[in-house]
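Participant: Structure file work_25.txt (compact mmCIF, C-alpha atoms and all ligand atoms) right here:
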# COMPACT_ATOMS: atom_id res chain seq x y z
CA MET A 1 15.96 -10.09 40.51
CA ASP A 2 14.35 -12.01 37.64
CA ARG A 3 12.19 -10.32 35.03
CA ARG A 4 8.88 -11.33 36.60
CA SER A 5 9.67 -9.85 39.99
CA MET A 6 10.96 -6.70 38.31
CA LEU A 7 7.52 -6.36 36.71
CA LYS A 8 5.78 -6.79 40.09
CA THR A 9 7.95 -4.25 41.87
CA GLY A 10 7.95 -1.73 39.08
CA GLY A 11 11.36 -2.75 37.83
CA GLY A 12 13.31 0.39 38.78
CA ALA A 13 14.90 1.97 35.73
CA LEU A 14 12.80 2.56 32.63
CA GLY A 15 15.02 0.31 30.57
CA ALA A 16 14.50 -2.56 32.96
CA LEU A 17 10.72 -2.02 32.89
CA GLY A 18 10.75 -2.08 29.11
CA GLY A 19 12.61 -5.36 29.18
CA ALA A 20 10.15 -6.77 31.71
CA LEU A 21 7.16 -5.70 29.59
CA ALA A 22 8.67 -7.23 26.48
CA ALA A 23 9.24 -10.45 28.39
CA GLY A 24 5.68 -10.24 29.77
CA CYS A 25 4.21 -9.95 26.28
CA ALA A 26 6.18 -12.94 25.15
CA THR A 27 4.98 -15.11 28.04
CA GLY A 28 1.46 -13.66 28.29
CA VAL A 29 2.09 -12.30 31.81
CA ALA A 30 1.54 -8.60 31.03
CA ASP A 31 -0.81 -9.07 28.07
CA SER A 32 -4.33 -8.02 29.17
CA THR A 33 -6.02 -9.08 25.90
CA PRO A 34 -7.33 -12.62 26.23
CA ARG A 35 -6.12 -14.79 23.42
CA SER A 36 -8.65 -16.76 21.36
CA PRO A 37 -8.22 -19.65 18.94
CA PHE A 38 -9.92 -17.77 16.04
CA LYS A 39 -11.16 -14.30 15.11
CA VAL A 40 -14.79 -13.10 14.98
CA ALA A 41 -15.43 -10.02 12.87
CA ALA A 42 -16.67 -6.90 14.64
CA VAL A 43 -20.00 -5.63 13.25
CA THR A 44 -19.80 -1.98 12.21
CA LEU A 45 -21.63 0.43 9.92
CA PRO A 46 -20.08 3.40 8.11
CA ILE A 47 -20.94 6.84 9.46
CA ALA A 48 -21.90 9.29 6.72
CA GLY A 49 -19.43 12.14 6.27
CA SER A 50 -16.80 10.50 8.48
CA ASP A 51 -14.03 7.92 8.31
CA GLU A 52 -15.29 6.49 11.62
CA VAL A 53 -17.57 3.49 11.89
CA PHE A 54 -20.55 2.84 14.16
CA PRO A 55 -20.10 -0.37 16.18
CA VAL A 56 -23.34 -2.35 16.25
CA ARG A 57 -24.17 -3.92 19.60
CA ARG A 58 -27.78 -5.13 19.28
CA ILE A 59 -30.55 -4.83 16.72
CA TYR A 60 -33.99 -4.21 18.21
CA CYS A 61 -37.10 -4.13 16.03
CA ILE A 62 -40.56 -2.85 16.94
CA GLY A 63 -43.59 -4.71 15.61
CA ARG A 64 -46.77 -3.20 14.15
CA ASN A 65 -45.95 0.47 14.68
CA TYR A 66 -48.10 1.95 11.92
CA ALA A 67 -51.87 1.57 12.42
CA ALA A 68 -52.64 0.47 8.87
CA HIS A 69 -49.90 -2.19 8.99
CA ALA A 70 -51.17 -3.47 12.35
CA ARG A 71 -54.62 -3.87 10.79
CA GLU A 72 -53.24 -5.71 7.74
CA MET A 73 -51.45 -8.11 10.12
CA GLY A 74 -54.73 -8.80 11.91
CA SER A 75 -54.47 -6.77 15.12
CA ASP A 76 -56.17 -3.72 16.58
CA PRO A 77 -53.73 -0.80 16.64
CA THR A 78 -55.72 1.08 19.26
CA ARG A 79 -55.30 -1.56 21.95
CA GLU A 80 -51.95 -3.25 21.40
CA PRO A 81 -48.90 -2.07 23.39
CA PRO A 82 -45.60 -1.95 21.48
CA PHE A 83 -43.66 -5.18 21.26
CA PHE A 84 -40.07 -5.83 20.27
CA PHE A 85 -37.88 -8.56 18.91
CA GLN A 86 -34.19 -8.79 18.07
CA LYS A 87 -32.08 -9.74 15.14
CA PRO A 88 -28.47 -10.85 15.61
CA SER A 89 -26.15 -7.89 15.08
CA ASP A 90 -24.34 -9.64 12.25
CA ALA A 91 -27.62 -9.79 10.30
CA VAL A 92 -26.83 -6.28 9.01
CA GLN A 93 -26.07 -6.03 5.31
CA PHE A 94 -24.52 -2.65 4.62
CA VAL A 95 -25.33 -1.11 1.25
CA ALA A 96 -23.50 2.08 0.25
CA PRO A 97 -25.61 4.92 -1.20
CA GLY A 98 -25.53 4.98 -4.99
CA THR A 99 -24.89 1.24 -5.18
CA VAL A 100 -27.25 -1.73 -5.43
CA GLY A 101 -26.59 -4.45 -2.87
CA ASP A 102 -27.04 -8.07 -3.87
CA HIS A 103 -29.43 -9.48 -1.29
CA PRO A 104 -29.66 -13.28 -1.18
CA TYR A 105 -33.13 -14.84 -1.28
CA PRO A 106 -32.99 -16.93 1.90
CA SER A 107 -33.56 -20.64 2.35
CA LEU A 108 -36.77 -22.26 3.63
CA THR A 109 -39.25 -19.55 2.57
CA LYS A 110 -41.70 -19.23 -0.29
CA ASN A 111 -43.09 -15.87 0.87
CA TYR A 112 -40.22 -13.42 1.39
CA HIS A 113 -41.33 -9.92 2.39
CA TYR A 114 -39.90 -6.40 2.53
CA GLU A 115 -40.54 -4.03 5.45
CA LEU A 116 -39.05 -0.56 4.95
CA GLU A 117 -38.15 1.16 8.22
CA LEU A 118 -36.44 4.16 9.78
CA VAL A 119 -33.55 3.00 11.98
CA ALA A 120 -32.37 4.95 15.06
CA ALA A 121 -28.79 4.32 16.26
CA LEU A 122 -27.87 4.96 19.90
CA LYS A 123 -24.70 6.56 21.28
CA SER A 124 -25.67 5.91 24.91
CA GLY A 125 -28.44 4.20 26.82
CA GLY A 126 -29.71 3.24 30.24
CA THR A 127 -32.79 1.85 31.90
CA ARG A 128 -36.17 3.49 32.53
CA ILE A 129 -35.33 6.38 30.19
CA ALA A 130 -37.99 9.10 30.19
CA LYS A 131 -39.60 9.83 26.84
CA GLU A 132 -38.54 13.47 27.22
CA ASP A 133 -34.87 12.47 27.56
CA ALA A 134 -34.86 9.65 25.02
CA LEU A 135 -33.67 11.49 21.92
CA GLN A 136 -30.49 12.59 23.71
CA HIS A 137 -29.33 8.99 23.33
CA VAL A 138 -29.72 8.91 19.54
CA TYR A 139 -26.47 9.19 17.60
CA GLY A 140 -28.03 9.07 14.17
CA TYR A 141 -30.45 7.53 11.70
CA ALA A 142 -30.41 5.21 8.71
CA VAL A 143 -32.75 3.62 6.18
CA GLY A 144 -33.24 -0.10 6.81
CA LEU A 145 -35.16 -3.13 5.56
CA ASP A 146 -36.53 -5.65 8.06
CA MET A 147 -36.59 -8.60 5.66
CA THR A 148 -39.02 -11.30 6.75
CA ARG A 149 -39.75 -14.93 5.92
CA ARG A 150 -43.47 -14.22 6.31
CA ASP A 151 -44.62 -17.80 5.88
CA LEU A 152 -42.28 -18.99 8.64
CA GLN A 153 -43.13 -16.04 10.91
CA ARG A 154 -46.84 -16.83 10.57
CA PHE A 155 -46.36 -20.60 10.87
CA MET A 156 -44.39 -20.23 14.10
CA GLY A 157 -46.75 -17.59 15.48
CA ASP A 158 -49.79 -19.78 14.80
CA GLN A 159 -48.12 -22.51 16.84
CA LYS A 160 -47.18 -20.05 19.61
CA LYS A 161 -43.51 -20.76 18.95
CA PRO A 162 -40.65 -18.21 18.69
CA TRP A 163 -40.37 -16.16 15.52
CA GLU A 164 -36.59 -16.18 15.10
CA ILE A 165 -36.55 -18.26 11.96
CA GLY A 166 -38.90 -15.79 10.29
CA LYS A 167 -37.08 -12.61 11.34
CA SER A 168 -33.61 -13.20 12.71
CA PHE A 169 -31.68 -14.90 9.93
CA ASP A 170 -28.48 -14.03 8.04
CA HIS A 171 -28.53 -10.80 5.99
CA SER A 172 -32.07 -10.00 7.18
CA ALA A 173 -31.22 -6.37 8.01
CA PRO A 174 -30.07 -4.43 4.90
CA ILE A 175 -29.14 -0.88 5.95
CA GLY A 176 -27.46 2.30 4.72
CA PRO A 177 -24.86 4.41 6.55
CA ILE A 178 -25.63 6.05 9.89
CA HIS A 179 -26.32 9.78 9.51
CA PRO A 180 -25.35 11.62 12.71
CA VAL A 181 -28.04 13.83 14.21
CA ALA A 182 -25.38 16.53 14.44
CA MET A 183 -25.32 16.62 10.61
CA THR A 184 -29.04 16.26 10.03
CA LYS A 185 -31.98 16.16 12.45
CA HIS A 186 -34.31 13.87 14.35
CA TYR A 187 -36.64 12.13 11.91
CA THR A 188 -40.18 12.55 13.22
CA GLN A 189 -41.93 13.23 9.93
CA GLY A 190 -41.31 12.88 6.22
CA ARG A 191 -42.21 10.46 3.45
CA ILE A 192 -41.21 6.81 3.69
CA VAL A 193 -41.60 5.04 0.34
CA LEU A 194 -40.60 1.63 -0.98
CA THR A 195 -40.64 0.82 -4.67
CA VAL A 196 -40.17 -2.61 -6.24
CA ASN A 197 -39.09 -2.53 -9.88
CA GLY A 198 -40.14 1.12 -10.01
CA GLN A 199 -43.66 0.54 -8.64
CA ILE A 200 -44.64 2.11 -5.32
CA LYS A 201 -45.47 -0.63 -2.81
CA GLN A 202 -45.27 1.12 0.57
CA GLU A 203 -45.95 4.82 1.05
CA ALA A 204 -46.56 6.59 4.35
CA ASP A 205 -45.22 9.32 6.59
CA LEU A 206 -42.96 8.86 9.61
CA SER A 207 -45.48 10.90 11.61
CA TYR A 208 -47.95 7.99 11.25
CA MET A 209 -45.95 5.89 13.70
CA ILE A 210 -48.05 4.80 16.68
CA TRP A 211 -45.01 4.98 18.99
CA SER A 212 -42.41 7.67 18.16
CA VAL A 213 -38.69 6.87 18.28
CA ALA A 214 -38.54 8.63 21.67
CA GLU A 215 -41.40 6.48 22.98
CA GLN A 216 -39.79 3.33 21.57
CA ILE A 217 -36.56 4.09 23.45
CA ALA A 218 -38.51 4.77 26.64
CA GLN A 219 -40.49 1.53 26.30
CA LEU A 220 -37.50 -0.61 25.32
CA SER A 221 -35.49 0.70 28.27
CA GLU A 222 -38.13 -0.67 30.65
CA ALA A 223 -37.32 -4.18 29.44
CA PHE A 224 -33.62 -3.95 28.56
CA GLU A 225 -30.65 -1.81 29.50
CA LEU A 226 -29.99 0.06 26.27
CA LYS A 227 -26.38 0.79 25.42
CA ALA A 228 -24.26 2.64 22.89
CA GLY A 229 -24.24 0.71 19.63
CA ASP A 230 -27.83 -0.47 19.84
CA ILE A 231 -29.91 0.19 16.73
CA ILE A 232 -33.70 0.21 16.62
CA TYR A 233 -35.77 -0.64 13.54
CA SER A 234 -38.82 1.52 14.13
CA GLY A 235 -41.51 -0.48 12.33
CA THR A 236 -42.92 -0.57 8.83
CA PRO A 237 -45.93 1.05 7.18
CA GLU A 238 -48.72 -0.94 5.54
CA ASN A 239 -48.59 -2.89 2.29
CA VAL A 240 -45.79 -5.28 3.06
CA GLY A 241 -45.45 -7.84 0.31
CA PRO A 242 -43.41 -10.54 -1.39
CA VAL A 243 -40.35 -10.33 -3.60
CA VAL A 244 -38.74 -12.81 -5.99
CA LYS A 245 -35.24 -13.15 -7.37
CA GLY A 246 -34.37 -10.32 -9.73
CA ASP A 247 -36.55 -7.70 -8.00
CA LEU A 248 -35.01 -4.26 -7.37
CA LEU A 249 -36.06 -2.68 -4.05
CA VAL A 250 -35.51 1.03 -3.45
CA GLY A 251 -36.20 2.33 0.05
CA HIS A 252 -36.62 6.09 0.44
CA ILE A 253 -36.97 8.26 3.52
CA ASP A 254 -37.01 12.03 3.00
CA GLY A 255 -33.62 13.49 3.93
CA LEU A 256 -31.63 10.23 3.75
CA PRO A 257 -30.03 8.57 0.70
CA ASP A 258 -32.01 5.73 -0.88
CA LEU A 259 -31.28 2.14 0.11
CA GLN A 260 -31.17 -0.12 -2.97
CA VAL A 261 -30.99 -3.90 -3.05
CA ARG A 262 -31.55 -6.54 -5.72
CA ILE A 263 -32.85 -9.95 -4.70
CA VAL A 264 -30.43 -12.60 -6.00
MN MN B 301 -40.50 -4.73 10.90
Translate this file's structure into structure tokens.
Facilitator:
Amino acid sequence: MDRRSMLKTGGGALGALGGALAAGCATGVADSTPRSPFKVAAVTLPIAGSDEVFPVRRIYCIGRNYAAHAREMGSDPTREPPFFFQKPSDAVQFVAPGTVGDHPYPSLTKNYHYELELVAALKSGGTRIAKEDALQHVYGYAVGLDMTRRDLQRFMGDQKKPWEIGKSFDHSAPIGPIHPVAMTKHYTQGRIVLTVNGQIKQEADLSYMIWSVAEQIAQLSEAFELKAGDIIYSGTPENVGPVVKGDLLVGHIDGLPDLQVRIV
């Protein structure tokens, strides 16, 4: 009996099976992990209070979810249903609490904007999730910035072309660690404040959201099958605005550590 047929038949004695498995690994026969010619880094975020990491699957973002911001962007918040877009998962830029992350001013734009947002991170998902059940799928929350090349977003929108270049570029999603609900709470109210160089630029309350996190999950799950690892940027309050190199941005949401980045 050769080693391959031993593997197929179970091999008999444990020692023989071990030999067959070792041979299988060497030839690729028993190795279930597909080999690839290069490595691609997994995207993960630290979990606060844990040595585990949160694997990021997709980044969803909701547009115009605070009435005053919808108005400043030129739409009527009373009539518009929620809409979503995505960033690539490797657009996350993790910044540890108590540190200031260097955030690169991106190419192609002359009008680079901050949008401070609460981020919900999912531990499970599904389709057609009821609003009442939605928060069961939330693993935790983080503070995030939905950085935006506003000139490119507007330019593409005016031409009825896709927005990706304005929203879905490298490093466009600075974010802090995920705080598990088990350690904190669901964030449905509380101050959300962004300062630039110490001056308050955005200031609102999470309760001003048009669509709550639960409603966002319910709505998103009508269009996509949500899964563990998905994170949802829940929209920004009014008074978005531009930054330049050297600016220090501090994002604050009551109950979470500040997110700090410097534009470089
Ligand atoms: Mn946004």
Participant: Set out as CSV a contact list for region 68-171 of chain A and region 232-253 of chain A with a cut-off of 12 Å, giving each residue of region 68-171 of chain A that qualifies its closest atom pair and distance in Å to one decimal, counting only C-alpha atoms, ordered by chain and rising residue number.
Facilitator:
residue,atom,partner,partner_atom,distance
A:Ala68,CA,A:Glu238,CA,5.3
A:His69,CA,A:Glu238,CA,3.9
A:Ala70,CA,A:Glu238,CA,7.7
A:Arg71,CA,A:Glu238,CA,8.4
A:Glu72,CA,A:Glu238,CA,6.9
A:Met73,CA,A:Glu238,CA,8.9
A:Gly74,CA,A:Glu238,CA,11.8
A:Pro82,CA,A:Gly235,CA,10.1
A:Phe83,CA,A:Gly235,CA,10.3
A:Phe84,CA,A:Ile232,CA,9.5
A:Phe85,CA,A:Tyr233,CA,9.8
A:Gln86,CA,A:Ile232,CA,9.1
A:Lys87,CA,A:Tyr233,CA,9.9
A:Ser89,CA,A:Ile232,CA,11.2
A:Val92,CA,A:Tyr233,CA,11.5
A:Val95,CA,A:Val250,CA,11.4
A:Pro97,CA,A:Val250,CA,10.9
A:Gly98,CA,A:Val250,CA,10.8
A:Thr99,CA,A:Val250,CA,10.8
A:Val100,CA,A:Leu248,CA,8.4
A:Gly101,CA,A:Leu248,CA,9.5
A:Asp102,CA,A:Leu248,CA,9.5
A:His103,CA,A:Lys245,CA,9.2
A:Pro104,CA,A:Lys245,CA,8.3
A:Tyr105,CA,A:Lys245,CA,6.7
A:Pro106,CA,A:Lys245,CA,10.3
A:Thr109,CA,A:Pro242,CA,10.7
A:Lys110,CA,A:Pro242,CA,8.9
A:Asn111,CA,A:Pro242,CA,5.8
A:Tyr112,CA,A:Pro242,CA,5.1
A:His113,CA,A:Pro242,CA,4.4
A:Tyr114,CA,A:Val240,CA,6.0
A:Glu115,CA,A:Thr236,CA,5.4
A:Leu116,CA,A:Thr236,CA,5.5
A:Glu117,CA,A:Thr236,CA,5.1
A:Leu118,CA,A:Ser234,CA,5.6
A:Val119,CA,A:Tyr233,CA,4.5
A:Ala120,CA,A:Ile232,CA,5.2
A:Ala121,CA,A:Ile232,CA,6.4
A:Leu122,CA,A:Ile232,CA,8.2
A:Lys123,CA,A:Ile232,CA,12.0
A:His137,CA,A:Ile232,CA,11.9
A:Val138,CA,A:Ile232,CA,10.0
A:Tyr139,CA,A:Ile232,CA,11.6
A:Gly140,CA,A:Ile232,CA,10.8
A:Tyr141,CA,A:Ile232,CA,9.4
A:Ala142,CA,A:Ile253,CA,8.9
A:Val143,CA,A:Ile253,CA,6.8
A:Gly144,CA,A:Tyr233,CA,7.2
A:Leu145,CA,A:Gly251,CA,7.8
A:Asp146,CA,A:Tyr233,CA,7.5
A:Met147,CA,A:Pro242,CA,10.0
A:Thr148,CA,A:Pro242,CA,9.3
A:Arg149,CA,A:Pro242,CA,9.3
A:Arg150,CA,A:Pro242,CA,8.5
A:Asp151,CA,A:Pro242,CA,10.3
Participant: Keeping only C-alpha atoms, write the selected residues to a file as a PDB file, in the frame of the given file.
Facilitator:
ATOM      1  CA  ALA A  68     -52.640   0.470   8.870  1.00  0.00           C
ATOM      2  CA  HIS A  69     -49.900  -2.190   8.990  1.00  0.00           C
ATOM      3  CA  ALA A  70     -51.170  -3.470  12.350  1.00  0.00           C
ATOM      4  CA  ARG A  71     -54.620  -3.870  10.790  1.00  0.00           C
ATOM      5  CA  GLU A  72     -53.240  -5.710   7.740  1.00  0.00           C
ATOM      6  CA  MET A  73     -51.450  -8.110  10.120  1.00  0.00           C
ATOM      7  CA  GLY A  74     -54.730  -8.800  11.910  1.00  0.00           C
ATOM      8  CA  PRO A  82     -45.600  -1.950  21.480  1.00  0.00           C
ATOM      9  CA  PHE A  83     -43.660  -5.180  21.260  1.00  0.00           C
ATOM     10  CA  PHE A  84     -40.070  -5.830  20.270  1.00  0.00           C
ATOM     11  CA  PHE A  85     -37.880  -8.560  18.910  1.00  0.00           C
ATOM     12  CA  GLN A  86     -34.190  -8.790  18.070  1.00  0.00           C
ATOM     13  CA  LYS A  87     -32.080  -9.740  15.140  1.00  0.00           C
ATOM     14  CA  SER A  89     -26.150  -7.890  15.080  1.00  0.00           C
ATOM     15  CA  VAL A  92     -26.830  -6.280   9.010  1.00  0.00           C
ATOM     16  CA  VAL A  95     -25.330  -1.110   1.250  1.00  0.00           C
ATOM     17  CA  PRO A  97     -25.610   4.920  -1.200  1.00  0.00           C
ATOM     18  CA  GLY A  98     -25.530   4.980  -4.990  1.00  0.00           C
ATOM     19  CA  THR A  99     -24.890   1.240  -5.180  1.00  0.00           C
ATOM     20  CA  VAL A 100     -27.250  -1.730  -5.430  1.00  0.00           C
ATOM     21  CA  GLY A 101     -26.590  -4.450  -2.870  1.00  0.00           C
ATOM     22  CA  ASP A 102     -27.040  -8.070  -3.870  1.00  0.00           C
ATOM     23  CA  HIS A 103     -29.430  -9.480  -1.290  1.00  0.00           C
ATOM     24  CA  PRO A 104     -29.660 -13.280  -1.180  1.00  0.00           C
ATOM     25  CA  TYR A 105     -33.130 -14.840  -1.280  1.00  0.00           C
ATOM     26  CA  PRO A 106     -32.990 -16.930   1.900  1.00  0.00           C
ATOM     27  CA  THR A 109     -39.250 -19.550   2.570  1.00  0.00           C
ATOM     28  CA  LYS A 110     -41.700 -19.230  -0.290  1.00  0.00           C
ATOM     29  CA  ASN A 111     -43.090 -15.870   0.870  1.00  0.00           C
ATOM     30  CA  TYR A 112     -40.220 -13.420   1.390  1.00  0.00           C
ATOM     31  CA  HIS A 113     -41.330  -9.920   2.390  1.00  0.00           C
ATOM     32  CA  TYR A 114     -39.900  -6.400   2.530  1.00  0.00           C
ATOM     33  CA  GLU A 115     -40.540  -4.030   5.450  1.00  0.00           C
ATOM     34  CA  LEU A 116     -39.050  -0.560   4.950  1.00  0.00           C
ATOM     35  CA  GLU A 117     -38.150   1.160   8.220  1.00  0.00           C
ATOM     36  CA  LEU A 118     -36.440   4.160   9.780  1.00  0.00           C
ATOM     37  CA  VAL A 119     -33.550   3.000  11.980  1.00  0.00           C
ATOM     38  CA  ALA A 120     -32.370   4.950  15.060  1.00  0.00           C
ATOM     39  CA  ALA A 121     -28.790   4.320  16.260  1.00  0.00           C
ATOM     40  CA  LEU A 122     -27.870   4.960  19.900  1.00  0.00           C
ATOM     41  CA  LYS A 123     -24.700   6.560  21.280  1.00  0.00           C
ATOM     42  CA  HIS A 137     -29.330   8.990  23.330  1.00  0.00           C
ATOM     43  CA  VAL A 138     -29.720   8.910  19.540  1.00  0.00           C
ATOM     44  CA  TYR A 139     -26.470   9.190  17.600  1.00  0.00           C
ATOM     45  CA  GLY A 140     -28.030   9.070  14.170  1.00  0.00           C
ATOM     46  CA  TYR A 141     -30.450   7.530  11.700  1.00  0.00           C
ATOM     47  CA  ALA A 142     -30.410   5.210   8.710  1.00  0.00           C
ATOM     48  CA  VAL A 143     -32.750   3.620   6.180  1.00  0.00           C
ATOM     49  CA  GLY A 144     -33.240  -0.100   6.810  1.00  0.00           C
ATOM     50  CA  LEU A 145     -35.160  -3.130   5.560  1.00  0.00           C
ATOM     51  CA  ASP A 146     -36.530  -5.650   8.060  1.00  0.00           C
ATOM     52  CA  MET A 147     -36.590  -8.600   5.660  1.00  0.00           C
ATOM     53  CA  THR A 148     -39.020 -11.300   6.750  1.00  0.00           C
ATOM     54  CA  ARG A 149     -39.750 -14.930   5.920  1.00  0.00           C
ATOM     55  CA  ARG A 150     -43.470 -14.220   6.310  1.00  0.00           C
ATOM     56  CA  ASP A 151     -44.620 -17.800   5.880  1.00  0.00           C
TER      57      ASP A 151
END
Participant: So which residues touch region 200-208 of chain A within 6 Å, counting all atoms listed in the file, skipping near sequence neighbours fewer than 6 positions away, as a PyMOL selection string?
Facilitator: chain A and resi 188-194+239
Participant: Taking all atoms listed in the file into account, which of A:Ile165, A:Ile178, A:Met183, A:Ile62 comes nearest Gly229 (chain A)?
Facilitator: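 Nearest candidate to Gly229 (chain A) out of A:Ile165, A:Ile178, A:Met183, A:Ile62: A:Ile178.
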Participant: Using all atoms listed in the file, can you tell me which of A:Ile263, A:Thr78, A:Gln136, A:Glu52 comes closest to Ala182 (chain A)?
Facilitator: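 Checking each of A:Ile263, A:Thr78, A:Gln136, A:Glu52 against Ala182 (chain A), counting all atoms listed in the file, the winner is A:Gln136.
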Participant: Looking at A:Met156, A:Ala91, A:Lys167, A:Val40, which one is nearest to ligand MN 301 (chain B), with distances taken over all atoms listed in the file?
Facilitator: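 Among the listed residues, A:Lys167 lies closest to ligand MN 301 (chain B).
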Participant: What gap, in Å, lies between CA of Ser124 (chain A) and CA of Phe224 (chain A)?
Facilitator: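 Interatomic distance here is 13.2 Å.
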Participant: Closest to ligand MN 301 (chain B) among A:Arg128, A:Arg64, A:His186, A:His171, using all atoms listed in the file?
Facilitator: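 Among the listed residues, A:Arg64 lies closest to ligand MN 301 (chain B).
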Participant: Could you tell me how far CA of Pro88 (chain A) sits from CA of Trp211 (chain A), in Å to one decimal place?
Facilitator: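 CA of Pro88 (chain A) lies at a distance of 23.1 Å from CA of Trp211 (chain A).
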Participant: Rank A:Leu226, A:Pro162, A:Gly255, A:Asp170 by their smallest atom-to-atom distance to Tyr187 (chain A), using only C-alpha atoms, and report the top residue only.
Facilitator: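 Ranking A:Leu226, A:Pro162, A:Gly255, A:Asp170 by distance to Tyr187 (chain A), first place goes to A:Gly255.
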Participant: Would you mind telling me which residue in A:Leu152, A:Ala134, A:Ile47, A:Ala173 lies nearest to ligand MN 301 (chain B) when using only C-alpha atoms and all ligand atoms?
Facilitator: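 When distances to ligand MN 301 (chain B) are compared using only C-alpha atoms and all ligand atoms, the smallest one comes from A:Ala173.
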Participant: Find the residues around Ala48 (chain A) up to 8 Å (all atoms listed in the file counted), leave out those fewer than 4 positions away in its own chain, and share them as a list in words.
Facilitator: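 Once the adjacent positions are removed, what remains is Pro177, Ile178, His179 and Pro180 of chain A.
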Participant: Rounded to one decimal, what separation in Å do you get between CA of Asp254 (chain A) and CA of Phe169 (chain A)?
Facilitator: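 Computing it gives 28.3 Å between the two atoms.
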Participant: Please produce region 246-259 of chain A, completed to N, CA and C atoms, as an mmCIF file, in the frame of the given file.
Facilitator:
data_model
loop_
_atom_site.group_PDB
_atom_site.id
_atom_site.type_symbol
_atom_site.label_atom_id
_atom_site.label_comp_id
_atom_site.auth_asym_id
_atom_site.auth_seq_id
_atom_site.Cartn_x
_atom_site.Cartn_y
_atom_site.Cartn_z
ATOM 1 N N GLY A 246 -34.409 -11.268 -8.629
ATOM 2 C CA GLY A 246 -34.370 -10.320 -9.730
ATOM 3 C C GLY A 246 -35.023 -8.982 -9.397
ATOM 4 N N ASP A 247 -35.863 -8.951 -8.367
ATOM 5 C CA ASP A 247 -36.550 -7.700 -8.000
ATOM 6 C C ASP A 247 -35.548 -6.658 -7.490
ATOM 7 N N LEU A 248 -35.805 -5.389 -7.855
ATOM 8 C CA LEU A 248 -35.010 -4.260 -7.370
ATOM 9 C C LEU A 248 -35.842 -3.480 -6.355
ATOM 10 N N LEU A 249 -35.360 -3.409 -5.110
ATOM 11 C CA LEU A 249 -36.060 -2.680 -4.050
ATOM 12 C C LEU A 249 -35.331 -1.357 -3.810
ATOM 13 N N VAL A 250 -36.087 -0.264 -3.783
ATOM 14 C CA VAL A 250 -35.510 1.030 -3.450
ATOM 15 C C VAL A 250 -36.288 1.603 -2.264
ATOM 16 N N GLY A 251 -35.581 1.767 -1.153
ATOM 17 C CA GLY A 251 -36.200 2.330 0.050
ATOM 18 C C GLY A 251 -35.837 3.800 0.168
ATOM 19 N N HIS A 252 -36.852 4.635 0.350
ATOM 20 C CA HIS A 252 -36.620 6.090 0.440
ATOM 21 C C HIS A 252 -37.231 6.642 1.723
ATOM 22 N N ILE A 253 -36.455 7.442 2.420
ATOM 23 C CA ILE A 253 -36.970 8.260 3.520
ATOM 24 C C ILE A 253 -36.470 9.675 3.265
ATOM 25 N N ASP A 254 -37.384 10.639 3.279
ATOM 26 C CA ASP A 254 -37.010 12.030 3.000
ATOM 27 C C ASP A 254 -35.809 12.446 3.860
ATOM 28 N N GLY A 255 -34.771 12.977 3.206
ATOM 29 C CA GLY A 255 -33.620 13.490 3.930
ATOM 30 C C GLY A 255 -32.482 12.508 4.091
ATOM 31 N N LEU A 256 -32.687 11.249 3.675
ATOM 32 C CA LEU A 256 -31.630 10.230 3.750
ATOM 33 C C LEU A 256 -31.434 9.649 2.342
ATOM 34 N N PRO A 257 -30.226 9.172 2.027
ATOM 35 C CA PRO A 257 -30.030 8.570 0.700
ATOM 36 C C PRO A 257 -30.791 7.254 0.565
ATOM 37 N N ASP A 258 -31.241 6.960 -0.649
ATOM 38 C CA ASP A 258 -32.010 5.730 -0.880
ATOM 39 C C ASP A 258 -31.181 4.490 -0.574
ATOM 40 N N LEU A 259 -31.885 3.462 -0.119
ATOM 41 C CA LEU A 259 -31.280 2.140 0.110
ATOM 42 C C LEU A 259 -31.756 1.229 -1.022
#
